[in-house]
>>> print(open('entry.cif').read())   # mmCIF, C-alpha atoms
data_data
#
loop_
_atom_site.label_atom_id
_atom_site.label_comp_id
_atom_site.auth_asym_id
_atom_site.auth_seq_id
_atom_site.Cartn_x
_atom_site.Cartn_y
_atom_site.Cartn_z
CA MET A 1 106.66 -51.42 -14.18
CA ILE A 2 103.24 -50.42 -12.84
CA ASN A 3 100.43 -50.40 -15.38
CA GLU A 4 98.18 -47.44 -16.12
CA THR A 5 95.14 -48.68 -14.17
CA GLU A 6 97.21 -49.29 -11.04
CA LEU A 7 98.83 -45.88 -11.36
CA ILE A 8 95.43 -44.22 -11.58
CA GLU A 9 94.17 -46.19 -8.58
CA GLN A 10 97.22 -45.13 -6.59
CA LEU A 11 96.74 -41.52 -7.63
CA LYS A 12 93.14 -41.71 -6.45
CA GLN A 13 94.55 -42.64 -3.02
CA GLY A 14 96.69 -39.47 -3.20
CA ASP A 15 99.98 -41.31 -3.80
CA GLU A 16 102.69 -38.80 -4.66
CA THR A 17 104.98 -41.34 -6.33
CA ALA A 18 102.17 -42.32 -8.68
CA PHE A 19 101.58 -38.64 -9.44
CA LYS A 20 105.27 -38.15 -10.21
CA THR A 21 105.25 -41.16 -12.54
CA ILE A 22 102.19 -39.81 -14.35
CA VAL A 23 103.78 -36.37 -14.76
CA GLU A 24 107.05 -37.84 -16.05
CA GLN A 25 105.24 -40.19 -18.43
CA TRP A 26 102.85 -37.69 -19.98
CA LYS A 27 104.52 -34.28 -19.56
CA ASP A 28 105.86 -34.05 -23.13
CA MET A 29 102.51 -35.00 -24.62
CA VAL A 30 100.66 -32.40 -22.52
CA TYR A 31 103.28 -29.69 -23.10
CA ASN A 32 103.48 -30.26 -26.86
CA THR A 33 99.68 -30.12 -27.24
CA ILE A 34 99.42 -26.90 -25.26
CA LEU A 35 102.42 -25.37 -27.01
CA GLY A 36 100.85 -26.01 -30.40
CA ILE A 37 97.69 -24.19 -29.36
CA VAL A 38 99.05 -21.24 -27.35
CA GLN A 39 102.32 -20.88 -29.33
CA ASN A 40 104.28 -19.50 -26.38
CA GLU A 41 106.77 -21.61 -24.41
CA THR A 42 106.47 -19.83 -21.05
CA GLU A 43 102.67 -19.87 -21.12
CA ALA A 44 102.69 -23.51 -22.26
CA GLU A 45 104.81 -24.53 -19.29
CA ASP A 46 102.54 -22.74 -16.81
CA LEU A 47 99.49 -24.31 -18.41
CA ALA A 48 101.07 -27.78 -18.38
CA GLN A 49 101.53 -27.31 -14.62
CA ASP A 50 97.85 -26.29 -14.34
CA VAL A 51 96.81 -29.42 -16.26
CA PHE A 52 98.65 -31.79 -13.91
CA ILE A 53 97.34 -29.98 -10.83
CA LYS A 54 93.82 -30.44 -12.24
CA VAL A 55 94.60 -34.11 -12.86
CA PHE A 56 95.68 -34.51 -9.23
CA GLU A 57 92.63 -32.70 -7.91
CA LYS A 58 90.05 -34.25 -10.26
CA ILE A 59 91.35 -37.79 -10.70
CA ASN A 60 88.33 -39.12 -8.79
CA THR A 61 86.06 -37.86 -11.58
CA PHE A 62 87.92 -40.06 -14.08
CA LYS A 63 85.69 -43.11 -14.43
CA GLY A 64 87.75 -44.96 -17.00
CA ASP A 65 85.11 -44.71 -19.75
CA SER A 66 87.79 -43.30 -22.03
CA LYS A 67 91.54 -43.86 -22.19
CA PHE A 68 93.54 -41.91 -19.61
CA SER A 69 95.52 -40.23 -22.42
CA THR A 70 92.25 -39.07 -24.03
CA TRP A 71 91.16 -37.56 -20.72
CA LEU A 72 94.54 -35.84 -20.40
CA TYR A 73 94.41 -34.50 -23.97
CA ARG A 74 90.92 -33.19 -23.24
CA ILE A 75 92.05 -31.32 -20.12
CA ALA A 76 95.11 -29.98 -21.94
CA THR A 77 93.09 -28.78 -24.94
CA THR A 78 90.37 -27.20 -22.79
CA THR A 79 92.96 -25.48 -20.57
CA ALA A 80 94.85 -24.09 -23.58
CA LEU A 81 91.69 -22.85 -25.32
CA ASP A 82 90.39 -21.28 -22.07
CA HIS A 83 93.71 -19.48 -21.76
CA LEU A 84 93.47 -18.13 -25.31
CA ARG A 85 89.92 -16.95 -24.61
CA SER A 86 90.94 -15.10 -21.46
CA LYS A 87 93.89 -13.56 -23.32
CA LYS A 88 91.54 -12.36 -26.04
CA ARG A 89 89.22 -10.84 -23.42
CA LYS A 90 92.15 -9.02 -21.81
CA LYS A 91 93.29 -7.76 -25.20
CA ARG A 92 89.79 -6.41 -25.91
CA PHE A 93 89.77 -4.72 -22.53
CA GLY A 94 93.21 -3.26 -23.27
CA PHE A 95 91.89 -1.95 -26.57
CA LEU A 96 88.99 -0.27 -24.79
CA GLN A 97 91.44 1.21 -22.29
CA SER A 98 93.60 2.55 -25.11
CA LEU A 99 90.48 4.20 -26.59
CA GLY A 100 90.02 5.85 -23.22
CA GLY A 101 93.58 7.12 -23.34
CA GLU A 102 95.16 4.62 -20.93
CA GLY A 103 97.61 1.85 -21.82
CA ASP A 104 98.30 2.88 -25.38
CA GLU A 105 101.13 0.40 -25.91
CA LYS A 106 100.48 -1.79 -28.92
CA GLU A 107 101.22 -5.47 -28.43
CA SER A 108 102.85 -7.20 -31.38
CA ILE A 109 102.59 -10.97 -31.68
CA PRO A 110 106.09 -12.46 -31.74
CA ASP A 111 107.02 -15.17 -34.25
CA PHE A 112 106.70 -18.64 -32.85
CA HIS A 113 109.36 -21.28 -33.49
CA HIS A 114 108.36 -24.81 -32.55
CA PRO A 115 111.44 -26.60 -31.15
CA GLY A 116 110.54 -29.84 -32.94
CA VAL A 117 110.68 -28.36 -36.45
CA SER A 118 113.81 -29.10 -38.47
CA LEU A 119 116.08 -26.18 -39.30
CA ASP A 120 115.33 -26.16 -43.04
CA ASN A 121 111.58 -25.89 -42.35
CA LYS A 122 111.89 -23.28 -39.60
CA GLU A 123 110.85 -20.28 -41.68
CA ARG A 124 107.93 -22.03 -43.35
CA ALA A 125 106.74 -23.40 -40.00
CA THR A 126 106.72 -19.89 -38.53
CA VAL A 127 104.44 -18.73 -41.35
CA LEU A 128 102.23 -21.78 -40.92
CA PHE A 129 101.97 -21.35 -37.14
CA LYS A 130 100.88 -17.75 -37.60
CA ALA A 131 98.10 -19.00 -39.87
CA ILE A 132 97.17 -21.77 -37.41
CA GLY A 133 96.94 -19.13 -34.67
CA ALA A 134 94.23 -17.35 -36.66
CA LEU A 135 92.04 -20.47 -37.05
CA PRO A 136 88.79 -20.81 -35.11
CA GLU A 137 89.17 -22.72 -31.81
CA ASN A 138 87.84 -26.14 -32.84
CA GLN A 139 89.80 -26.17 -36.08
CA LYS A 140 92.94 -25.11 -34.23
CA ALA A 141 92.52 -27.89 -31.66
CA ALA A 142 91.80 -30.57 -34.27
CA TYR A 143 94.66 -29.46 -36.52
CA THR A 144 97.16 -29.34 -33.62
CA LEU A 145 96.17 -32.74 -32.26
CA HIS A 146 96.38 -34.33 -35.70
CA LYS A 147 99.49 -32.60 -37.05
CA LEU A 148 101.62 -32.06 -33.94
CA GLU A 149 100.57 -35.01 -31.83
CA GLY A 150 99.95 -37.34 -34.75
CA LEU A 151 96.52 -38.44 -33.50
CA SER A 152 94.21 -40.22 -35.91
CA TYR A 153 90.85 -38.62 -36.75
CA ARG A 154 89.20 -41.18 -34.48
CA ASP A 155 91.43 -40.22 -31.54
CA VAL A 156 90.87 -36.51 -32.22
CA SER A 157 87.12 -37.13 -32.27
CA GLU A 158 87.34 -38.81 -28.85
CA VAL A 159 89.34 -35.94 -27.39
CA LEU A 160 86.98 -33.31 -28.80
CA ASN A 161 83.99 -35.48 -27.94
CA THR A 162 82.60 -35.38 -31.45
CA SER A 163 82.17 -37.72 -34.43
CA VAL A 164 84.87 -38.75 -36.89
CA SER A 165 82.97 -37.07 -39.73
CA ALA A 166 82.86 -33.83 -37.73
CA VAL A 167 86.64 -34.01 -37.34
CA GLU A 168 87.02 -34.64 -41.08
CA SER A 169 84.97 -31.56 -41.75
CA LEU A 170 86.95 -29.51 -39.18
CA MET A 171 90.23 -30.56 -40.80
CA SER A 172 88.99 -29.82 -44.29
CA ARG A 173 87.84 -26.33 -43.23
CA ALA A 174 91.11 -25.78 -41.38
CA ASN A 175 93.08 -26.66 -44.52
CA GLN A 176 90.91 -24.34 -46.64
CA ASN A 177 91.42 -21.48 -44.18
CA LEU A 178 95.16 -22.10 -43.99
CA ARG A 179 95.44 -22.14 -47.80
CA LYS A 180 93.56 -18.85 -47.99
CA GLN A 181 95.83 -17.20 -45.41
CA LEU A 182 99.01 -18.57 -46.96
CA GLU A 183 97.90 -17.39 -50.37
CA GLU A 184 97.43 -13.87 -49.00
CA TYR A 185 100.81 -14.04 -47.28
CA TYR A 186 102.75 -15.26 -50.32
CA ASN A 187 100.94 -12.90 -52.69
CA LYS A 188 102.03 -10.03 -50.46
CA HIS A 189 105.61 -11.28 -50.15
CA TYR A 190 106.15 -12.15 -53.80
CA LYS A 191 105.11 -8.76 -55.06
CA MET B 192 107.04 -21.25 -63.90
CA THR B 193 104.54 -18.42 -63.42
CA SER B 194 104.45 -16.54 -60.15
CA GLN B 195 101.01 -18.01 -59.39
CA GLU B 196 102.36 -21.52 -59.82
CA LYS B 197 105.30 -20.66 -57.61
CA ILE B 198 102.95 -19.37 -54.92
CA GLN B 199 100.89 -22.55 -55.09
CA GLN B 200 104.07 -24.58 -54.73
CA GLU B 201 105.11 -22.51 -51.68
CA ILE B 202 101.69 -23.06 -50.10
CA GLU B 203 101.92 -26.83 -50.61
CA GLN B 204 105.41 -26.96 -49.13
CA THR B 205 104.39 -24.81 -46.17
CA LEU B 206 101.37 -26.99 -45.44
CA GLN B 207 103.60 -30.05 -45.45
CA CYS B 208 106.36 -28.57 -43.29
CA LEU B 209 104.89 -30.00 -40.08
CA ASP B 210 104.99 -33.57 -41.41
CA GLY B 211 107.39 -35.49 -39.23
CA VAL B 212 107.73 -32.69 -36.67
CA LYS B 213 109.25 -33.84 -33.38
CA ARG B 214 107.43 -33.50 -30.09
CA ALA B 215 108.61 -30.54 -27.98
CA ASP B 216 110.18 -31.61 -24.69
CA ALA B 217 108.72 -30.28 -21.48
CA ASN B 218 110.90 -28.83 -18.76
CA PRO B 219 112.75 -31.72 -17.02
CA PHE B 220 111.93 -30.09 -13.68
CA LEU B 221 108.21 -29.84 -14.38
CA PHE B 222 107.25 -32.12 -11.50
CA THR B 223 109.34 -30.11 -9.01
CA ARG B 224 107.61 -26.93 -10.14
CA ILE B 225 104.17 -28.51 -9.92
CA LYS B 226 104.97 -29.78 -6.42
CA ALA B 227 106.17 -26.32 -5.35
CA ARG B 228 102.97 -24.74 -6.66
CA MET B 229 100.79 -27.31 -4.92
CA ASP B 230 102.67 -26.79 -1.65
CA ARG B 231 102.28 -23.01 -1.98
CA LYS B 232 98.56 -23.43 -2.59
CA ALA B 233 98.20 -25.72 0.43
CA ASN B 234 100.19 -23.22 2.49
CA ILE B 235 97.81 -20.38 1.63
CA TRP B 236 94.85 -22.47 2.89
CA GLU B 237 96.76 -23.51 5.97
CA ARG B 238 97.51 -19.89 6.76
CA ALA B 239 93.91 -18.89 6.14
CA PHE B 240 92.62 -21.64 8.47
CA SER B 241 95.15 -20.85 11.17
CA PHE B 242 94.10 -17.18 10.99
CA ILE B 243 90.39 -18.03 11.23
CA SER B 244 90.96 -20.44 14.10
CA LYS B 245 92.76 -17.87 16.26
CA PRO B 246 90.67 -17.49 19.48
CA ALA B 247 90.36 -13.71 19.12
CA ILE B 248 89.18 -13.97 15.50
CA ALA B 249 86.82 -16.86 16.26
CA VAL B 250 85.25 -15.06 19.26
CA ALA B 251 84.92 -11.82 17.31
CA PHE B 252 83.20 -13.70 14.48
CA VAL B 253 80.75 -15.44 16.84
CA VAL B 254 79.96 -12.11 18.56
CA ALA B 255 79.38 -10.48 15.17
CA VAL B 256 77.03 -13.26 14.07
CA MET B 257 75.10 -13.05 17.36
CA ALA B 258 74.89 -9.27 17.05
CA VAL B 259 73.48 -9.52 13.52
CA ASN B 260 70.97 -12.15 14.66
CA GLY B 261 69.95 -10.08 17.66
CA TRP B 262 69.51 -6.99 15.53
CA ALA B 263 67.45 -8.96 13.00
CA LEU B 264 65.16 -10.28 15.78
CA TRP B 265 64.78 -6.87 17.35
CA ASP B 266 64.09 -5.30 13.96
CA LYS B 267 61.44 -7.89 13.07
CA SER B 268 59.57 -7.66 16.37
CA GLY B 269 59.58 -3.86 16.24
CA PRO B 270 57.03 -1.63 14.49
CA GLY B 271 56.93 -1.11 10.73
CA THR B 272 57.86 -4.67 9.77
CA VAL B 273 57.87 -5.02 6.01
CA GLU B 274 55.82 -7.86 4.64
CA THR B 275 57.88 -10.13 2.51
CA VAL B 276 56.92 -12.79 0.04
CA THR B 277 59.04 -15.91 0.06
CA ALA B 278 59.09 -18.75 -2.41
CA GLU B 279 57.76 -21.95 -0.86
CA ASN B 280 60.68 -24.00 -1.93
CA GLY B 281 63.76 -23.91 -4.11
CA SER B 282 62.41 -26.11 -6.87
CA GLU B 283 59.37 -23.89 -7.35
CA LEU B 284 61.67 -20.93 -7.84
CA ALA B 285 63.92 -22.95 -10.17
CA ASN B 286 60.92 -24.01 -12.27
CA GLU B 287 59.59 -20.49 -12.44
CA TYR B 288 62.88 -19.10 -13.71
CA ASN B 289 63.79 -22.16 -15.77
CA VAL B 290 67.05 -22.70 -13.93
CA VAL B 291 68.96 -25.83 -14.96
CA ALA B 292 71.43 -27.61 -12.69
CA SER B 293 74.97 -26.62 -13.65
CA VAL B 294 77.47 -29.09 -15.02
CA ASP B 295 80.79 -29.62 -13.28
CA ASN B 296 83.46 -27.88 -15.35
CA TYR B 297 85.82 -30.73 -14.77
CA ASP B 298 83.48 -33.49 -15.87
CA TYR B 299 85.67 -33.97 -18.91
CA GLU B 300 84.32 -37.41 -19.64
CA ASN B 301 80.77 -36.17 -20.13
CA LEU B 302 81.21 -33.06 -22.17
CA THR B 303 78.40 -32.23 -24.51
CA ASN B 304 78.72 -30.22 -27.67
CA GLU B 305 77.03 -26.91 -27.62
#
>>> encode(input="entry.cif", output="structure tokens")
Amino acid sequence: MINETELIEQLKQGDETAFKTIVEQWKDMVYNTILGIVQNETEAEDLAQDVFIKVFEKINTFKGDSKFSTWLYRIATTTALDHLRSKKRKKRFGFLQSLGGEGDEKESIPDFHHPGVSLDNKERATVLFKAIGALPENQKAAYTLHKLEGLSYRDVSEVLNTSVSAVESLMSRANQNLRKQLEEYYNKHYK
Amino acid sequence: MTSQEKIQQEIEQTLQCLDGVKRADANPFLFTRIKARMDRKANIWERAFSFISKPAIAVAFVVAVMAVNGWALWDKSGPGTVETVTAENGSELANEYNVVASVDNYDYENLTNE
């Protein structure tokens, strides 16, 4: 089996077999990360394709200062967050249009079911994902990488290019925000 | 158990429901789709280049450029030329307007926090 460094070198030469091996080896990791952030399977698949195309086109900018997986996580996270930003912009524009009388259809956010969640936790996970979706970008990225990808705080800090203490603080604020949202949700649904 | 305690218990259980979650599997045909997209992209460029390199298009473009140049020369040598002020060099202009060199969006290894 070819090692990671050789694969990267071959990809830098434009080798298609190396590219295929890289896609097959890391596709689940990239897809799962994006899925956790965008919470939509179709969009996550398109974005995973975008990520690997970027990898193919920009592999020469990878200097090996960080692990290849860190670089991939970084591209995946940035791509997913950029997508959410552009979606938000479009939504705002749609809102302005609806004020002007055009496009008055209201878009409702569908419930998201992560395929990796066990059946008995499905309902709870849907509630939690809705709350995660409302977190600020950095908290959402840190929480997804830690909880869904199982990355340590150190690994998350490398992906987000920040310090371990900053990640600790992001996670603590994310948990606080999630608690607050869940409290509101359960207060409403228990009464 | 009071309702508040029950709510707190629900919150704890919900926060823990992602512990041990399995990784979602990507489409098994992801590579094929990526390849198809890359080929389509390459095809668009190929078509664009083949269109530009058609003799009629190339000649028309060269004639248009020459016509614009000719008109510019004729316009400048004619009466009523407007005096223009030009910056001596790019860096002077950049300094004056405090323009900073842009960072490559894909320089993922050297991202800085803003």
>>> resolve_selection(input="entry.cif", expression="the PyMOL selection byres ((chain B) within 6 of (chain A))", output="ChimeraX atom specification")
/B:205,208,212-217,225
>>> atom_distance(input="entry.cif", atom1="CA of Ala80 in chain A", atom2="CA of Glu137 in chain A")
10.1 Å
>>> atom_distance(input="entry.cif", atom1="CA of Ala142 in chain A", atom2="CA of Ala174 in chain A")
8.6 Å
>>> residues_around(input="entry.cif", residues="Arg173 in chain A", least_positions_apart="6", cutoff="10 Å", atoms="all atoms listed in the file", output="ChimeraX atom specification")
/A:135-136,139,167,179
>>> atom_distance(input="entry.cif", atom1="CA of Asn177 in chain A", atom2="CA of Gln204 in chain B")
15.8 Å
>>> closest_residue(input="entry.cif", among="A:Ser98, A:Gln13, A:Val38, A:His113", to="Thr77 in chain A", atoms="all atoms listed in the file")
A:Val38
>>> closest_residue(input="entry.cif", among="B:Pro219, B:Ala239, B:Lys197, B:Ile202", to="Ala131 in chain A", atoms="all atoms listed in the file")
B:Ile202
>>> residues_around(input="entry.cif", residues="Met171 in chain A", least_positions_apart="5", cutoff="10 Å", atoms="all atoms listed in the file", output="JSON, numbers by chain")
{"A": [138, 139, 140, 141, 142, 143, 146, 153, 165, 166, 176, 177]}
>>> resolve_selection(input="entry.cif", expression="the PyMOL selection byres ((chain A and resi 2-5) around 10)", output="list in words")
Met1, Glu6, Leu7, Ile8, Glu9, Gln10, Leu11, Ala18, Thr21, Ile22, Gly64, Lys67, Phe68 and Ser69 of chain A
>>> closest_residue(input="entry.cif", among="A:Ile34, A:Asp111, A:Leu96, A:Thr42", to="Asp82 in chain A", atoms="only C-alpha atoms")
A:Ile34
>>> closest_residue(input="entry.cif", among="A:Ile37, A:Leu81, A:Thr17, A:Leu47", to="Arg224 in chain B", atoms="all atoms listed in the file")
A:Leu47
>>> axis_aligned_box(input="entry.cif", around="range 209-215 of chain B", padding_each_side="6 Å", output="lines of an AutoDock Vina configuration file")
center_x = 107.1
center_y = -32.7
center_z = -34.7
size_x = 16.4
size_y = 17.5
size_z = 25.4
